[in-house]
file entry28.tsv (TSV, C-alpha atoms and all ligand atoms)
chain	number	residue	atom	x	y	z
A	15	MET	CA	9.76	-1.60	19.75
A	16	SER	CA	6.44	-3.48	19.97
A	17	VAL	CA	6.21	-3.87	16.19
A	18	LEU	CA	9.50	-5.71	15.98
A	19	ASP	CA	8.69	-7.75	19.08
A	20	SER	CA	6.15	-9.65	17.01
A	21	PHE	CA	9.06	-11.18	15.06
A	22	ASN	CA	10.74	-12.32	18.27
A	23	ALA	CA	10.92	-16.01	19.06
A	24	PRO	CA	11.47	-17.14	22.65
A	25	GLY	CA	15.06	-16.50	23.69
A	26	GLY	CA	15.24	-13.08	22.06
A	27	LEU	CA	16.06	-14.40	18.59
A	28	LEU	CA	14.50	-12.64	15.65
A	29	GLN	CA	12.74	-15.02	13.27
A	30	VAL	CA	10.67	-14.82	10.13
A	31	GLY	CA	8.72	-17.84	8.95
A	32	GLY	CA	10.50	-19.98	11.56
A	33	LEU	CA	13.92	-19.05	10.17
A	34	PRO	CA	16.46	-17.25	12.36
A	35	LEU	CA	18.24	-14.20	11.04
A	36	ALA	CA	21.42	-16.00	10.01
A	37	ARG	CA	19.42	-18.51	7.91
A	38	LEU	CA	17.44	-15.69	6.31
A	39	ALA	CA	20.67	-13.92	5.39
A	40	GLN	CA	21.94	-17.20	3.95
A	41	ARG	CA	18.79	-17.54	1.85
A	42	ALA	CA	19.06	-13.95	0.67
A	43	GLY	CA	22.74	-14.52	-0.17
A	44	GLN	CA	23.64	-10.99	0.90
A	45	THR	CA	22.76	-8.03	2.98
A	46	PRO	CA	20.89	-5.79	2.53
A	47	PHE	CA	17.68	-7.71	1.99
A	48	PHE	CA	13.97	-7.42	2.57
A	49	VAL	CA	12.10	-10.31	4.11
A	50	TYR	CA	8.31	-10.61	4.05
A	51	ASP	CA	6.51	-12.90	6.45
A	52	ARG	CA	4.01	-15.11	4.62
A	53	SER	CA	2.12	-16.12	7.76
A	54	LYS	CA	1.71	-12.49	8.82
A	55	LEU	CA	0.17	-11.68	5.42
A	56	THR	CA	-2.27	-14.57	5.76
A	57	GLU	CA	-3.15	-13.64	9.32
A	58	ARG	CA	-3.72	-9.98	8.47
A	59	VAL	CA	-6.27	-10.75	5.77
A	60	ARG	CA	-8.00	-13.31	8.01
A	61	LEU	CA	-8.34	-10.82	10.86
A	62	LEU	CA	-9.50	-8.06	8.53
A	63	ARG	CA	-12.27	-10.26	7.13
A	64	GLN	CA	-13.31	-11.07	10.67
A	65	MET	CA	-13.63	-7.38	11.57
A	66	LEU	CA	-15.29	-6.07	8.41
A	67	ALA	CA	-18.83	-6.83	7.27
A	68	PRO	CA	-18.81	-10.32	5.70
A	69	SER	CA	-20.03	-9.09	2.30
A	70	ILE	CA	-17.06	-6.72	1.85
A	71	ARG	CA	-14.54	-7.76	-0.81
A	72	ILE	CA	-10.89	-6.98	-0.22
A	73	HIS	CA	-8.54	-5.87	-2.99
A	74	TYR	CA	-4.78	-5.53	-2.81
A	75	SER	CA	-3.14	-2.45	-4.35
A	76	ILE	CA	-0.04	-3.88	-5.96
A	77	LYS	CA	1.93	-0.64	-5.92
A	78	ALA	CA	2.46	-1.05	-2.15
A	79	ASN	CA	4.69	-4.06	-2.82
A	80	PRO	CA	5.00	-5.63	-6.27
A	81	MET	CA	7.34	-8.52	-5.37
A	82	PRO	CA	6.06	-11.39	-7.59
A	83	ALA	CA	6.09	-14.10	-4.90
A	84	LEU	CA	4.26	-11.81	-2.50
A	85	ILE	CA	1.62	-10.89	-5.08
A	86	HIS	CA	1.18	-14.57	-5.79
A	87	HIS	CA	0.59	-15.28	-2.12
A	88	MET	CA	-1.82	-12.34	-1.88
A	89	SER	CA	-3.78	-13.72	-4.84
A	90	THR	CA	-4.75	-16.69	-2.67
A	91	LEU	CA	-6.03	-14.38	0.09
A	92	VAL	CA	-7.80	-11.40	-1.52
A	93	ASP	CA	-10.70	-10.97	-3.96
A	94	GLY	CA	-9.04	-8.75	-6.51
A	95	PHE	CA	-6.10	-6.54	-7.41
A	96	ASP	CA	-5.76	-2.84	-8.15
A	97	VAL	CA	-2.95	-2.01	-10.54
A	98	ALA	CA	-1.46	1.28	-11.66
A	99	SER	CA	0.42	0.33	-14.85
A	100	ALA	CA	0.60	-2.29	-17.58
A	101	GLY	CA	3.59	-3.78	-15.77
A	102	GLU	CA	1.65	-4.27	-12.53
A	103	MET	CA	-1.25	-5.62	-14.57
A	104	ARG	CA	0.89	-8.33	-16.13
A	105	MET	CA	2.11	-9.38	-12.68
A	106	ALA	CA	-1.49	-9.46	-11.44
A	107	LEU	CA	-2.62	-11.60	-14.36
A	108	ASP	CA	0.37	-13.93	-13.90
A	109	THR	CA	-1.06	-15.00	-10.54
A	110	GLY	CA	-4.19	-16.35	-12.24
A	111	MET	CA	-6.47	-13.67	-10.79
A	112	ALA	CA	-9.47	-13.20	-13.11
A	113	ALA	CA	-9.17	-10.10	-15.31
A	114	SER	CA	-12.67	-9.02	-14.23
A	115	HIS	CA	-11.36	-8.69	-10.65
A	116	ILE	CA	-8.45	-6.47	-11.63
A	117	SER	CA	-8.80	-2.74	-12.21
A	118	MET	CA	-6.31	-0.18	-13.41
A	119	ALA	CA	-6.28	3.29	-11.84
A	120	GLY	CA	-3.92	6.21	-12.37
A	121	PRO	CA	-4.06	9.79	-13.59
A	122	GLY	CA	-1.63	9.36	-16.51
A	123	LYS	CA	-2.38	6.06	-18.19
A	124	SER	CA	-0.41	5.69	-21.43
A	125	ASP	CA	-1.83	4.32	-24.66
A	126	GLN	CA	0.18	1.19	-23.90
A	127	ASP	CA	-1.36	0.86	-20.42
A	128	LEU	CA	-4.84	1.27	-21.85
A	129	ARG	CA	-4.27	-1.17	-24.72
A	130	GLY	CA	-2.96	-3.76	-22.29
A	131	ALA	CA	-5.95	-3.38	-19.99
A	132	VAL	CA	-8.62	-3.28	-22.69
A	133	GLY	CA	-7.08	-6.24	-24.50
A	134	ALA	CA	-6.87	-8.33	-21.33
A	135	GLY	CA	-10.41	-7.51	-20.15
A	136	VAL	CA	-9.13	-5.63	-17.12
A	137	THR	CA	-11.35	-2.79	-15.89
A	138	VAL	CA	-10.03	0.66	-16.77
A	139	THR	CA	-10.81	3.18	-14.05
A	140	LEU	CA	-11.47	6.38	-16.00
A	141	GLU	CA	-10.07	9.55	-14.50
A	142	SER	CA	-10.73	12.10	-17.26
A	143	GLN	CA	-12.67	12.83	-20.43
A	144	PHE	CA	-9.46	12.23	-22.42
A	145	GLN	CA	-9.08	8.72	-20.95
A	146	LEU	CA	-12.71	7.98	-21.71
A	147	GLU	CA	-12.26	8.86	-25.38
A	148	ALA	CA	-8.93	7.02	-25.63
A	149	VAL	CA	-10.44	3.85	-24.18
A	150	GLU	CA	-13.36	3.91	-26.58
A	151	ARG	CA	-10.98	4.36	-29.54
A	152	ILE	CA	-8.74	1.52	-28.35
A	153	GLY	CA	-11.75	-0.74	-27.87
A	154	ARG	CA	-12.83	-0.04	-31.45
A	155	GLU	CA	-9.30	-0.74	-32.75
A	156	LEU	CA	-9.08	-4.02	-30.83
A	157	GLY	CA	-12.67	-5.06	-31.57
A	158	VAL	CA	-13.67	-5.42	-27.91
A	159	THR	CA	-16.00	-3.51	-25.61
A	160	PRO	CA	-13.83	-2.06	-22.83
A	161	ARG	CA	-14.85	-2.57	-19.21
A	162	VAL	CA	-14.74	0.83	-17.54
A	163	ALA	CA	-15.28	2.23	-14.06
A	164	LEU	CA	-15.45	5.87	-13.06
A	165	ARG	CA	-13.10	7.23	-10.45
A	166	ILE	CA	-14.77	10.00	-8.52
A	167	ASN	CA	-12.96	12.77	-6.69
A	168	PRO	CA	-15.36	13.08	-3.75
A	169	ASP	CA	-16.77	16.39	-2.59
A	170	PHE	CA	-15.56	15.99	0.98
A	171	GLN	CA	-12.14	16.34	2.62
A	172	PRO	CA	-11.22	13.70	5.18
A	173	VAL	CA	-10.15	15.79	8.16
A	174	ASN	CA	-7.54	13.56	9.63
A	175	SER	CA	-5.95	11.40	6.96
A	176	GLY	CA	-2.19	11.00	6.56
A	177	MET	CA	-2.37	11.57	2.83
A	178	ARG	CA	-5.38	13.17	1.20
A	179	MET	CA	-6.12	11.91	-2.25
A	180	GLY	CA	-9.65	13.20	-2.68
A	181	GLY	CA	-11.68	16.34	-2.05
A	182	GLY	CA	-10.77	19.77	-3.38
A	183	ALA	CA	-8.79	20.06	-6.61
A	184	ARG	CA	-6.98	16.83	-7.49
A	185	GLN	CA	-5.24	15.15	-10.38
A	186	PHE	CA	-7.11	11.96	-9.45
A	187	GLY	CA	-10.52	11.04	-10.76
A	188	VAL	CA	-13.40	13.16	-11.97
A	189	ASP	CA	-15.01	15.73	-9.65
A	190	ALA	CA	-18.20	14.33	-8.10
A	191	GLU	CA	-20.30	17.16	-9.56
A	192	LYS	CA	-19.13	16.24	-13.08
A	193	ALA	CA	-19.91	12.54	-12.63
A	194	PRO	CA	-23.59	12.61	-13.79
A	195	ALA	CA	-22.69	14.16	-17.16
A	196	MET	CA	-19.80	11.75	-17.59
A	197	LEU	CA	-22.03	8.77	-16.81
A	198	ARG	CA	-24.51	9.86	-19.49
A	199	ASP	CA	-21.63	10.23	-21.92
A	200	ILE	CA	-20.31	6.74	-21.09
A	201	ALA	CA	-23.79	5.26	-21.63
A	202	ASP	CA	-23.83	6.64	-25.20
A	203	ARG	CA	-20.54	5.04	-26.13
A	204	ALA	CA	-19.25	1.57	-26.95
A	205	LEU	CA	-18.18	0.98	-23.35
A	206	ARG	CA	-19.34	-1.39	-20.66
A	207	PHE	CA	-19.77	0.52	-17.41
A	208	VAL	CA	-19.07	-1.79	-14.48
A	209	GLY	CA	-18.34	0.25	-11.37
A	210	PHE	CA	-17.48	3.25	-9.29
A	211	HIS	CA	-14.18	3.94	-7.57
A	212	VAL	CA	-13.96	6.53	-4.82
A	213	PHE	CA	-10.56	6.89	-3.19
A	214	TRP	CA	-10.43	9.53	-0.49
A	215	GLY	CA	-7.11	9.09	1.28
A	216	SER	CA	-4.32	6.98	2.62
A	217	GLN	CA	-2.44	6.21	5.86
A	218	CYS	CA	-5.34	7.14	8.13
A	219	LEU	CA	-5.06	6.01	11.76
A	220	ASP	CA	-8.22	7.69	13.04
A	221	SER	CA	-11.24	5.39	12.96
A	222	ARG	CA	-13.73	8.28	13.14
A	223	THR	CA	-12.25	9.76	9.98
A	224	VAL	CA	-12.48	6.42	8.15
A	225	ILE	CA	-16.06	5.91	9.36
A	226	ALA	CA	-17.09	9.39	8.19
A	227	ALA	CA	-15.38	8.92	4.83
A	228	GLN	CA	-17.06	5.55	4.23
A	229	ARG	CA	-20.47	7.05	5.06
A	230	HIS	CA	-19.86	9.90	2.62
A	231	VAL	CA	-18.82	7.48	-0.10
A	232	ALA	CA	-21.89	5.29	0.47
A	233	GLU	CA	-24.11	8.36	0.20
A	234	LEU	CA	-22.36	9.63	-2.93
A	235	VAL	CA	-22.65	6.25	-4.63
A	236	SER	CA	-26.36	5.92	-3.71
A	237	GLN	CA	-27.01	9.30	-5.29
A	238	LEU	CA	-25.30	8.28	-8.53
A	239	ALA	CA	-26.73	4.77	-8.67
A	240	ASP	CA	-29.79	5.73	-10.72
A	241	LEU	CA	-27.51	6.82	-13.54
A	242	ALA	CA	-25.81	3.43	-13.81
A	243	GLN	CA	-27.47	0.05	-14.25
A	244	ASP	CA	-26.06	-3.39	-13.43
A	245	LEU	CA	-23.04	-2.19	-11.51
A	246	GLU	CA	-20.62	-5.05	-10.88
A	247	PHE	CA	-18.76	-3.28	-8.11
A	248	VAL	CA	-18.30	-0.18	-6.02
A	249	ASN	CA	-14.74	0.34	-4.86
A	250	MET	CA	-15.04	2.54	-1.79
A	251	GLY	CA	-11.32	3.16	-1.33
A	252	GLY	CA	-9.28	1.98	1.62
A	253	GLY	CA	-7.20	4.42	3.58
A	254	PHE	CA	-6.35	2.21	6.58
A	255	GLY	CA	-2.96	3.23	7.95
A	256	ILE	CA	-0.30	1.49	10.01
A	257	PRO	CA	1.74	3.07	12.83
A	258	TYR	CA	5.26	3.92	11.72
A	259	PHE	CA	6.43	6.15	14.55
A	260	ASP	CA	6.58	6.10	18.35
A	261	ASN	CA	3.69	8.52	18.83
A	262	GLU	CA	1.32	6.66	16.50
A	263	HIS	CA	-1.25	4.06	17.50
A	264	THR	CA	-2.94	1.30	15.49
A	265	LEU	CA	-6.19	2.02	13.66
A	266	ASP	CA	-9.27	0.70	15.45
A	267	VAL	CA	-10.55	-1.48	12.61
A	268	GLY	CA	-13.07	-3.09	14.96
A	269	ALA	CA	-14.80	0.31	15.30
A	270	VAL	CA	-14.77	0.78	11.53
A	271	GLY	CA	-16.25	-2.67	11.04
A	272	ALA	CA	-18.99	-2.05	13.61
A	273	ALA	CA	-19.95	1.29	12.03
A	274	MET	CA	-20.21	-0.31	8.60
A	275	GLN	CA	-23.46	-1.95	9.64
A	276	ASP	CA	-25.11	1.46	9.12
A	277	TRP	CA	-24.42	1.64	5.40
A	278	VAL	CA	-23.55	-1.83	4.13
A	279	GLU	CA	-27.05	-3.32	4.16
A	280	PRO	CA	-28.83	-0.19	2.83
A	281	LEU	CA	-26.26	0.07	0.03
A	282	ARG	CA	-26.61	-3.63	-0.80
A	283	GLN	CA	-30.37	-3.18	-1.05
A	284	ARG	CA	-29.92	-0.12	-3.21
A	285	LEU	CA	-27.45	-2.01	-5.45
A	286	PRO	CA	-28.44	-5.68	-5.42
A	287	GLY	CA	-25.75	-7.96	-6.80
A	288	THR	CA	-23.08	-5.25	-6.70
A	289	ARG	CA	-19.80	-6.18	-4.98
A	290	LEU	CA	-18.69	-3.71	-2.31
A	291	VAL	CA	-14.92	-3.48	-2.40
A	292	LEU	CA	-12.32	-1.95	-0.10
A	293	GLU	CA	-8.77	-1.66	-1.41
A	294	PHE	CA	-5.65	-1.74	0.70
A	295	GLY	CA	-1.94	-1.57	0.16
A	296	ARG	CA	0.14	-0.86	3.25
A	297	TYR	CA	-2.47	-2.18	5.70
A	298	LEU	CA	-2.15	-5.67	4.22
A	299	VAL	CA	1.61	-5.88	3.70
A	300	GLY	CA	3.40	-3.05	5.51
A	301	GLU	CA	3.83	-4.70	8.89
A	302	ALA	CA	4.88	-8.05	7.42
A	303	GLY	CA	8.16	-6.74	6.04
A	304	LEU	CA	11.61	-6.14	7.50
A	305	TYR	CA	14.63	-4.48	5.95
A	306	VAL	CA	17.87	-6.08	7.05
A	307	CYS	CA	21.29	-4.53	6.60
A	308	ARG	CA	24.61	-4.88	8.37
A	309	VAL	CA	26.85	-2.63	10.36
A	310	VAL	CA	29.99	-2.11	8.27
A	311	ASP	CA	31.62	0.58	10.39
A	312	LYS	CA	31.22	2.18	13.78
A	313	LYS	CA	32.70	5.55	14.59
A	314	VAL	CA	32.46	8.40	17.04
A	315	SER	CA	32.26	11.97	15.85
A	316	ARG	CA	32.49	14.71	18.48
A	317	GLY	CA	30.99	12.47	21.10
A	318	GLU	CA	28.19	10.96	18.98
A	319	THR	CA	28.24	7.34	17.85
A	320	PHE	CA	27.46	6.42	14.26
A	321	LEU	CA	26.62	2.94	13.03
A	322	VAL	CA	27.36	2.90	9.32
A	323	THR	CA	25.45	0.20	7.45
A	324	ASP	CA	25.60	-1.36	3.99
A	325	GLY	CA	21.98	-0.24	3.47
A	326	GLY	CA	20.39	3.14	3.08
A	327	LEU	CA	17.89	5.36	1.33
A	328	HIS	CA	18.65	3.81	-2.07
A	329	HIS	CA	16.74	0.76	-0.76
A	330	HIS	CA	14.45	2.36	1.75
A	331	LEU	CA	13.70	5.99	1.01
A	332	ALA	CA	10.74	6.04	3.41
A	333	ALA	CA	12.82	5.01	6.44
A	334	SER	CA	15.28	7.80	5.67
A	335	GLY	CA	12.42	10.27	6.02
A	336	ASN	CA	12.53	11.43	2.41
A	337	PHE	CA	9.32	9.86	1.08
A	338	GLY	CA	6.79	12.50	1.98
A	339	GLN	CA	7.50	13.02	5.68
A	340	VAL	CA	7.46	16.64	6.82
A	341	LEU	CA	9.19	16.03	10.15
A	342	ARG	CA	11.77	13.28	10.05
A	343	ARG	CA	10.94	10.52	12.53
A	344	ASN	CA	12.44	7.08	13.05
A	345	PHE	CA	10.92	3.88	11.74
A	346	PRO	CA	11.18	1.07	14.33
A	347	VAL	CA	14.78	-0.20	14.36
A	348	ALA	CA	16.61	-2.92	16.26
A	349	ILE	CA	19.88	-4.80	16.30
A	350	GLY	CA	18.61	-8.15	15.04
A	351	ASN	CA	21.20	-10.34	16.74
A	352	ARG	CA	20.83	-8.54	20.10
A	353	MET	CA	17.07	-8.45	20.52
A	354	GLY	CA	17.02	-9.13	24.23
A	355	GLY	CA	20.04	-6.92	24.68
A	356	GLU	CA	21.15	-4.80	27.57
A	357	ASN	CA	24.26	-2.59	27.47
A	358	LEU	CA	22.37	0.16	25.67
A	359	GLU	CA	24.01	2.88	23.65
A	360	ARG	CA	22.79	6.09	22.04
A	361	CYS	CA	23.65	6.26	18.37
A	362	HIS	CA	22.71	7.28	14.87
A	363	VAL	CA	22.20	4.60	12.23
A	364	VAL	CA	23.19	5.79	8.77
A	365	GLY	CA	23.41	4.33	5.30
A	366	CYS	CA	26.42	3.99	3.02
A	367	LEU	CA	25.57	6.79	0.59
A	368	CYS	CA	27.49	10.04	0.32
A	369	THR	CA	24.63	12.28	1.37
A	370	PRO	CA	23.58	13.53	4.80
A	371	LEU	CA	20.01	12.56	3.87
A	372	ASP	CA	20.98	8.90	4.18
A	373	ARG	CA	19.89	8.21	7.75
A	374	LEU	CA	18.02	5.15	8.96
A	375	ALA	CA	17.59	6.24	12.58
A	376	ASP	CA	18.49	9.44	14.39
A	377	ASP	CA	19.47	9.44	18.03
A	378	VAL	CA	18.16	6.04	19.05
A	379	THR	CA	19.04	3.91	22.03
A	380	LEU	CA	19.97	0.39	20.97
A	381	PRO	CA	22.01	-2.49	22.39
A	382	ALA	CA	25.64	-1.57	21.73
A	383	ALA	CA	26.31	-2.90	18.22
A	384	GLN	CA	29.48	-4.24	16.68
A	385	ILE	CA	30.64	-4.32	13.08
A	386	GLY	CA	28.90	-7.27	11.42
A	387	ASP	CA	25.69	-6.96	13.46
A	388	TYR	CA	22.33	-6.85	11.74
A	389	VAL	CA	20.26	-3.67	11.71
A	390	ILE	CA	16.54	-4.35	11.30
A	391	VAL	CA	14.04	-1.76	10.11
A	392	GLY	CA	10.41	-2.67	10.74
A	393	GLN	CA	7.21	-1.61	8.91
A	394	SER	CA	9.09	-2.23	5.67
A	395	GLY	CA	6.62	-4.34	3.71
A	396	ALA	CA	5.09	-1.45	1.74
A	397	TYR	CA	6.49	1.51	-0.23
A	398	ALA	CA	10.02	0.43	0.58
A	399	ARG	CA	12.13	-1.25	-2.12
A	400	SER	CA	9.93	-0.28	-5.05
A	401	ALA	CA	9.61	3.32	-3.82
A	402	SER	CA	13.36	3.90	-3.53
A	403	PRO	CA	16.02	5.27	-5.92
A	404	ALA	CA	17.94	2.00	-6.22
A	405	ASP	CA	20.37	3.28	-8.88
A	406	PHE	CA	21.62	6.17	-6.80
A	407	LEU	CA	25.38	5.59	-6.24
A	408	SER	CA	25.32	2.26	-8.14
A	409	HIS	CA	25.48	-0.03	-5.13
A	410	PRO	CA	24.10	-3.59	-5.42
A	411	GLN	CA	20.31	-4.02	-5.49
A	412	PRO	CA	18.69	-5.38	-2.34
A	413	VAL	CA	17.34	-8.94	-2.44
A	414	GLU	CA	13.75	-9.75	-1.46
A	415	ILE	CA	12.59	-13.01	0.07
A	416	LEU	CA	9.23	-14.33	1.21
A	417	ALA	CA	9.61	-16.58	4.24
A	501	LIG	C1	-1.92	3.82	-3.56
A	501	LIG	C2	-3.33	3.50	-3.66
A	501	LIG	C3	-3.90	2.59	-2.77
A	501	LIG	C4	-3.16	1.96	-1.63
A	501	LIG	O1	-2.93	2.88	-0.60
A	501	LIG	P1	-2.43	2.34	0.81
A	501	LIG	O2	-2.23	3.54	1.62
A	501	LIG	O3	-1.16	1.59	0.58
A	501	LIG	O4	-3.49	1.44	1.33
A	501	LIG	C5	-5.21	2.27	-2.97
A	501	LIG	N1	-5.93	2.80	-3.97
A	501	LIG	C6	-5.42	3.70	-4.84
A	501	LIG	C7	-6.25	4.24	-5.91
A	501	LIG	C8	-4.10	4.08	-4.71
A	501	LIG	O5	-3.58	4.98	-5.56
call {"tool": "encode", "arguments": {"input": "entry28.tsv", "output": "structure tokens"}}
result
Amino acid sequence: MSVLDSFNAPGGLLQVGGLPLARLAQRAGQTPFFVYDRSKLTERVRLLRQMLAPSIRIHYSIKANPMPALIHHMSTLVDGFDVASAGEMRMALDTGMAASHISMAGPGKSDQDLRGAVGAGVTVTLESQFQLEAVERIGRELGVTPRVALRINPDFQPVNSGMRMGGGARQFGVDAEKAPAMLRDIADRALRFVGFHVFWGSQCLDSRTVIAAQRHVAELVSQLADLAQDLEFVNMGGGFGIPYFDNEHTLDVGAVGAAMQDWVEPLRQRLPGTRLVLEFGRYLVGEAGLYVCRVVDKKVSRGETFLVTDGGLHHHLAASGNFGQVLRRNFPVAIGNRMGGENLERCHVVGCLCTPLDRLADDVTLPAAQIGDYVIVGQSGAYARSASPADFLSHPQPVEILA
């Protein structure tokens, strides 16, 4: 429950941005809603900068949470954005972030995505020979020289990462061994080569794995640096995870920051004037978000208590366990209006959809809830609303607020 405790004001009242739950619900105008804590976002970036080497630039990966007000707030905190579609790119540009600090990655960029990026001066992160040729053609058609980076599928496998996105055979990026030939090809074309992008994994809670991955990436980039002049940036990936479940612990970012001393200065000397970038999604926003729904029914079935809510997997697929989890485990949950509560009760918290997959918490012990109480799901700031099948069963959309 420690994650949700950080939203607790004295007296056991849950608050976000100084507003108690009832006021938040009033602002949202309905349940279910998501609320993101502005001060937690600010604080997270401040702490991260303190722990990492001072020369490291921090980018936010918009796909973790594309709420416009949140992106706007992030634009005041971070050094750049990573986008995965023309739609995300427009939202990134709307904040006033310079196009040269936005890059577009993704294995299946459409002609429309590429046209948008090339036209706006956003960096296109090339992930295949086909993309390379398409970008050059689009640049010629638009009469501009596209800014391109090369995404490299590294030749190492992070041993202990929640989600591997590099090493082995992947749909992402270009295999490291093919990079030299591709760089020579890029140099012969009407393209402006500005950077490397190496993304090795996601949701990693083991500092030793992150440290090893960063060292590998630094080595890989040093080896390729002779083939590319005047690099503007090297995006070394991110991968920092957050704890979702009881048995998980927080990533030791202090250890990662300390170990960076080994490669940051040598790499900066090897690549003078090149920005070293780390990109993060969930690490920046995941812990700042809560999902709030209400108990609409309470029933007992063969001795087990069910709290039925007006929320569910159509808003929060990840909390239901259906967004990539192998073993279903519970996100942190609480009864928001009984935070200090005694009178505990074992129950299941379920959503309102007609499918047994729609579970928010299995077999949890919570203060005995009544119909009308608020159910809070923590760690809901990333891959929640935008990663959920909101049309399934045609219930109302959730509201999102930044407080
Ligand atoms: C999704 C993604 C991220 C963000 O991952 P998190 O686990 O949310 O930090 C960063 N970079 C790329 C290329 C991605 O696809």
call {"tool": "residues_near_ligand", "arguments": {"input": "entry28.tsv", "ligand": "ligand LIG 501 (chain A)", "cutoff": "10 Å", "atoms": "only C-alpha atoms and all ligand atoms", "output": "count of residues only"}}
result
50
call {"tool": "closest_residue", "arguments": {"input": "entry28.tsv", "among": "A:Asp387, A:Asp324, A:Asp376, A:Glu102", "to": "Thr45 of chain A", "atoms": "only C-alpha atoms"}}
result
A:Asp324
call {"tool": "closest_residue", "arguments": {"input": "entry28.tsv", "among": "A:Leu156, A:Ala398, A:Leu358, A:Val132", "to": "Pro381 of chain A", "atoms": "all atoms listed in the file"}}
result
A:Leu358
call {"tool": "atom_distance", "arguments": {"input": "entry28.tsv", "atom1": "atom CA of Asp51 of chain A", "atom2": "atom CA of Asp19 of chain A"}}
result
13.8 Å
call {"tool": "closest_residue", "arguments": {"input": "entry28.tsv", "among": "A:Ala42, A:Val267, A:Val314, A:Ala193", "to": "Gln411 of chain A", "atoms": "all atoms listed in the file"}}
result
A:Ala42
call {"tool": "atom_distance", "arguments": {"input": "entry28.tsv", "atom1": "atom CA of Met111 of chain A", "atom2": "atom CA of Thr137 of chain A"}}
result
13.0 Å
call {"tool": "closest_residue", "arguments": {"input": "entry28.tsv", "among": "A:Gly268, A:Pro82, A:Pro168, A:Gly26", "to": "Ala232 of chain A", "atoms": "all atoms listed in the file"}}
result
A:Pro168
call {"tool": "residues_around", "arguments": {"input": "entry28.tsv", "residues": "Tyr388 of chain A", "least_positions_apart": "6", "cutoff": "7 Å", "atoms": "all atoms listed in the file", "output": "list in words"}}
result
Val306, Cys307, Arg308, Val309, Ile349, Gly350 and Asn351 of chain A
call {"tool": "closest_residue", "arguments": {"input": "entry28.tsv", "among": "A:Val92, A:Ala83, A:Ala242, A:Leu407", "to": "Val162 of chain A", "atoms": "only C-alpha atoms"}}
result
A:Ala242
call {"tool": "axis_aligned_box", "arguments": {"input": "entry28.tsv", "around": "segment 221-237 of chain A", "padding_each_side": "5 Å", "output": "AutoDock Vina command-line options"}}
result
--center_x -19.1 --center_y 7.6 --center_z 3.9 --size_x 25.8 --size_y 14.6 --size_z 28.4
call {"tool": "closest_residue", "arguments": {"input": "entry28.tsv", "among": "A:Asp276, A:Glu246, A:Glu301, A:Glu262", "to": "Gly392 of chain A", "atoms": "only C-alpha atoms"}}
result
A:Glu301
call {"tool": "residues_near_point", "arguments": {"input": "entry28.tsv", "point": "(18.7, -3.8, 26.8)", "cutoff": "12 Å", "atoms": "all atoms listed in the file", "output": "ChimeraX atom specification"}}
result
/A:15,26,348-349,352-360,379-383
call {"tool": "atom_distance", "arguments": {"input": "entry28.tsv", "atom1": "atom CA of Leu164 of chain A", "atom2": "atom CA of Ala401 of chain A"}}
result
26.8 Å
call {"tool": "residues_around", "arguments": {"input": "entry28.tsv", "residues": "Ser124 of chain A", "least_positions_apart": "5", "cutoff": "9 Å", "atoms": "all atoms listed in the file", "output": "ChimeraX atom specification"}}
result
/A:99-100,129
call {"tool": "build_atoms", "arguments": {"input": "entry28.tsv", "residues": "segment 237-246 of chain A", "atoms": "N, CA and C atoms", "output": "PDB file, in the frame of the given file"}}
result
ATOM      1  N   GLN A 237     -26.456   8.211  -4.479  1.00  0.00           N
ATOM      2  CA  GLN A 237     -27.010   9.300  -5.290  1.00  0.00           C
ATOM      3  C   GLN A 237     -26.782   9.068  -6.777  1.00  0.00           C
ATOM      4  N   LEU A 238     -25.641   8.457  -7.113  1.00  0.00           N
ATOM      5  CA  LEU A 238     -25.300   8.280  -8.530  1.00  0.00           C
ATOM      6  C   LEU A 238     -25.864   6.987  -9.111  1.00  0.00           C
ATOM      7  N   ALA A 239     -26.388   6.135  -8.231  1.00  0.00           N
ATOM      8  CA  ALA A 239     -26.730   4.770  -8.670  1.00  0.00           C
ATOM      9  C   ALA A 239     -27.824   4.745  -9.736  1.00  0.00           C
ATOM     10  N   ASP A 240     -28.725   5.722  -9.722  1.00  0.00           N
ATOM     11  CA  ASP A 240     -29.790   5.730 -10.720  1.00  0.00           C
ATOM     12  C   ASP A 240     -29.262   5.930 -12.137  1.00  0.00           C
ATOM     13  N   LEU A 241     -28.083   6.524 -12.220  1.00  0.00           N
ATOM     14  CA  LEU A 241     -27.510   6.820 -13.540  1.00  0.00           C
ATOM     15  C   LEU A 241     -26.705   5.656 -14.101  1.00  0.00           C
ATOM     16  N   ALA A 242     -26.631   4.558 -13.355  1.00  0.00           N
ATOM     17  CA  ALA A 242     -25.810   3.430 -13.810  1.00  0.00           C
ATOM     18  C   ALA A 242     -26.520   2.119 -13.480  1.00  0.00           C
ATOM     19  N   GLN A 243     -26.793   1.333 -14.481  1.00  0.00           N
ATOM     20  CA  GLN A 243     -27.470   0.050 -14.250  1.00  0.00           C
ATOM     21  C   GLN A 243     -26.441  -1.092 -14.151  1.00  0.00           C
ATOM     22  N   ASP A 244     -26.848  -2.148 -13.494  1.00  0.00           N
ATOM     23  CA  ASP A 244     -26.060  -3.390 -13.430  1.00  0.00           C
ATOM     24  C   ASP A 244     -24.601  -3.151 -13.040  1.00  0.00           C
ATOM     25  N   LEU A 245     -24.408  -2.405 -11.986  1.00  0.00           N
ATOM     26  CA  LEU A 245     -23.040  -2.190 -11.510  1.00  0.00           C
ATOM     27  C   LEU A 245     -22.472  -3.504 -10.988  1.00  0.00           C
ATOM     28  N   GLU A 246     -21.260  -3.847 -11.428  1.00  0.00           N
ATOM     29  CA  GLU A 246     -20.620  -5.050 -10.880  1.00  0.00           C
ATOM     30  C   GLU A 246     -20.003  -4.760  -9.513  1.00  0.00           C
TER      31      GLU A 246
END
